[in-house]
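Structure data follow from start-v1.pdb (PDB, C-alpha atoms, pLDDT in the B column):
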```pdb
ATOM      1  CA  MET A   1     115.227 116.427  97.254  1.00 61.00           C
ATOM      2  CA  ASN A   2     113.474 119.740  96.817  1.00 58.00           C
ATOM      3  CA  GLU A   3     115.038 122.988  97.902  1.00 72.00           C
ATOM      4  CA  GLN A   4     112.015 123.591 100.138  1.00 90.00           C
ATOM      5  CA  TYR A   5     113.648 121.709 103.014  1.00 94.00           C
ATOM      6  CA  PRO A   6     116.328 123.175 105.300  1.00 96.00           C
ATOM      7  CA  GLU A   7     119.958 122.202 104.752  1.00 96.00           C
ATOM      8  CA  TYR A   8     120.082 120.091 107.902  1.00 96.00           C
ATOM      9  CA  VAL A   9     117.563 117.673 106.354  1.00 97.00           C
ATOM     10  CA  SER A  10     119.965 116.855 103.518  1.00 96.00           C
ATOM     11  CA  ARG A  11     122.774 116.451 106.015  1.00 97.00           C
ATOM     12  CA  LEU A  12     120.786 114.058 108.231  1.00 97.00           C
ATOM     13  CA  LEU A  13     119.688 111.957 105.266  1.00 97.00           C
ATOM     14  CA  ALA A  14     123.259 111.798 103.977  1.00 97.00           C
ATOM     15  CA  GLN A  15     124.398 110.597 107.403  1.00 97.00           C
ATOM     16  CA  ALA A  16     121.657 107.962 107.411  1.00 97.00           C
ATOM     17  CA  ARG A  17     122.676 106.744 103.947  1.00 96.00           C
ATOM     18  CA  ALA A  18     126.311 106.522 105.040  1.00 96.00           C
ATOM     19  CA  LEU A  19     125.376 104.525 108.136  1.00 95.00           C
ATOM     20  CA  LEU A  20     123.373 102.078 106.038  1.00 92.00           C
ATOM     21  CA  GLN A  21     126.338 101.496 103.737  1.00 92.00           C
ATOM     22  CA  GLU A  22     128.650 100.513 106.578  1.00 87.00           C
ATOM     23  CA  ASP A  23     129.012  96.861 107.540  1.00 75.00           C
ATOM     24  CA  ASP A  24     128.429  97.492 111.239  1.00 78.00           C
ATOM     25  CA  PHE A  25     125.047  97.384 112.925  1.00 79.00           C
ATOM     26  CA  ASN A  26     124.075 100.996 112.290  1.00 88.00           C
ATOM     27  CA  GLN A  27     120.550 100.451 110.982  1.00 90.00           C
ATOM     28  CA  MET A  28     118.917 101.737 114.168  1.00 91.00           C
ATOM     29  CA  ASP A  29     121.049 104.880 114.159  1.00 94.00           C
ATOM     30  CA  ALA A  30     120.175 105.504 110.514  1.00 95.00           C
ATOM     31  CA  ALA A  31     116.477 104.977 111.212  1.00 95.00           C
ATOM     32  CA  ALA A  32     116.647 107.364 114.169  1.00 96.00           C
ATOM     33  CA  LEU A  33     118.067 110.109 111.948  1.00 97.00           C
ATOM     34  CA  CYS A  34     115.283 109.520 109.428  1.00 97.00           C
ATOM     35  CA  PHE A  35     112.614 109.587 112.136  1.00 97.00           C
ATOM     36  CA  GLU A  36     114.026 112.926 113.292  1.00 97.00           C
ATOM     37  CA  VAL A  37     113.479 114.248 109.771  1.00 98.00           C
ATOM     38  CA  LEU A  38     110.029 112.644 109.477  1.00 98.00           C
ATOM     39  CA  ALA A  39     108.921 114.223 112.759  1.00 97.00           C
ATOM     40  CA  ASN A  40     109.203 117.626 111.092  1.00 96.00           C
ATOM     41  CA  PHE A  41     108.539 116.662 107.463  1.00 97.00           C
ATOM     42  CA  PRO A  42     106.286 113.558 107.385  1.00 97.00           C
ATOM     43  CA  GLU A  43     105.734 113.902 103.648  1.00 96.00           C
ATOM     44  CA  LEU A  44     109.409 113.365 102.819  1.00 96.00           C
ATOM     45  CA  ASP A  45     109.448 110.057 100.956  1.00 96.00           C
ATOM     46  CA  GLU A  46     113.234 109.817 100.871  1.00 96.00           C
ATOM     47  CA  ALA A  47     113.370 109.557 104.668  1.00 97.00           C
ATOM     48  CA  SER A  48     110.575 106.967 104.686  1.00 97.00           C
ATOM     49  CA  GLU A  49     112.393 104.864 102.099  1.00 97.00           C
ATOM     50  CA  LEU A  50     115.593 104.945 104.140  1.00 96.00           C
ATOM     51  CA  VAL A  51     113.687 103.772 107.233  1.00 96.00           C
ATOM     52  CA  LEU A  52     112.267 100.878 105.224  1.00 94.00           C
ATOM     53  CA  GLN A  53     115.762 100.050 103.976  1.00 93.00           C
ATOM     54  CA  ALA A  54     117.125 100.118 107.529  1.00 91.00           C
ATOM     55  CA  PHE A  55     114.436  97.801 108.878  1.00 89.00           C
ATOM     56  CA  SER A  56     114.652  95.443 105.879  1.00 88.00           C
ATOM     57  CA  ASP A  57     118.224  94.414 106.568  1.00 75.00           C
ATOM     58  CA  PRO A  58     118.268  90.579 106.669  1.00 77.00           C
ATOM     59  CA  TRP A  59     120.733  90.435 109.556  1.00 71.00           C
ATOM     60  CA  LEU A  60     118.636  92.784 111.641  1.00 70.00           C
ATOM     61  CA  ILE A  61     115.528  90.714 110.970  1.00 74.00           C
ATOM     62  CA  ARG A  62     117.356  87.486 111.810  1.00 77.00           C
ATOM     63  CA  ASP A  63     118.773  88.885 115.059  1.00 76.00           C
ATOM     64  CA  ASN A  64     115.430  90.132 116.266  1.00 72.00           C
TER      65      ASN A  64
END
```
Before we go any further, please render this structure as structure tokens.
Amino acid sequence: MNEQYPEYVSRLLAQARALLQEDDFNQMDAAALCFEVLANFPELDEASELVLQAFSDPWLIRDN
């Protein structure tokens, strides 16, 4: 990620990545963190990719 973004953006994305790696149902929490970033920086592809990853979880799709 570029240095043009504030430090909190890196922190939120790191939290989202960590939530996605856990075995619990944290996909929605991870997506929410990414949407918070995208609200301020819609061009940030890393956040968009994490949202896609969160919503592509097979168990989430099956449950909904």
* To do: Decode the PyMOL selection byres ((chain A and resi 46) around 12) for the given file into explicit residues and return them as a list in words.
  => Met1, Asn2, Val9, Ser10, Leu12, Leu13, Ala14, Ala16, Arg17, Ala31, Cys34, Phe35, Val37, Leu38, Phe41, Pro42, Glu43, Leu44, Asp45, Ala47, Ser48, Glu49, Leu50, Val51, Leu52 and Gln53 of chain A
* Asked: Written as a ChimeraX atom specification, what is the full residue list that the PyMOL selection byres ((chain A and resi 30) around 7) yields on the file shown?
  -> /A:16,19-20,26-29,31-34,54
* For the atom pair CA of Phe25 in chain A and CA of Leu60 in chain A, what is the interatomic distance in Å to one decimal place? ->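 These two atoms are separated by 8.0 Å.
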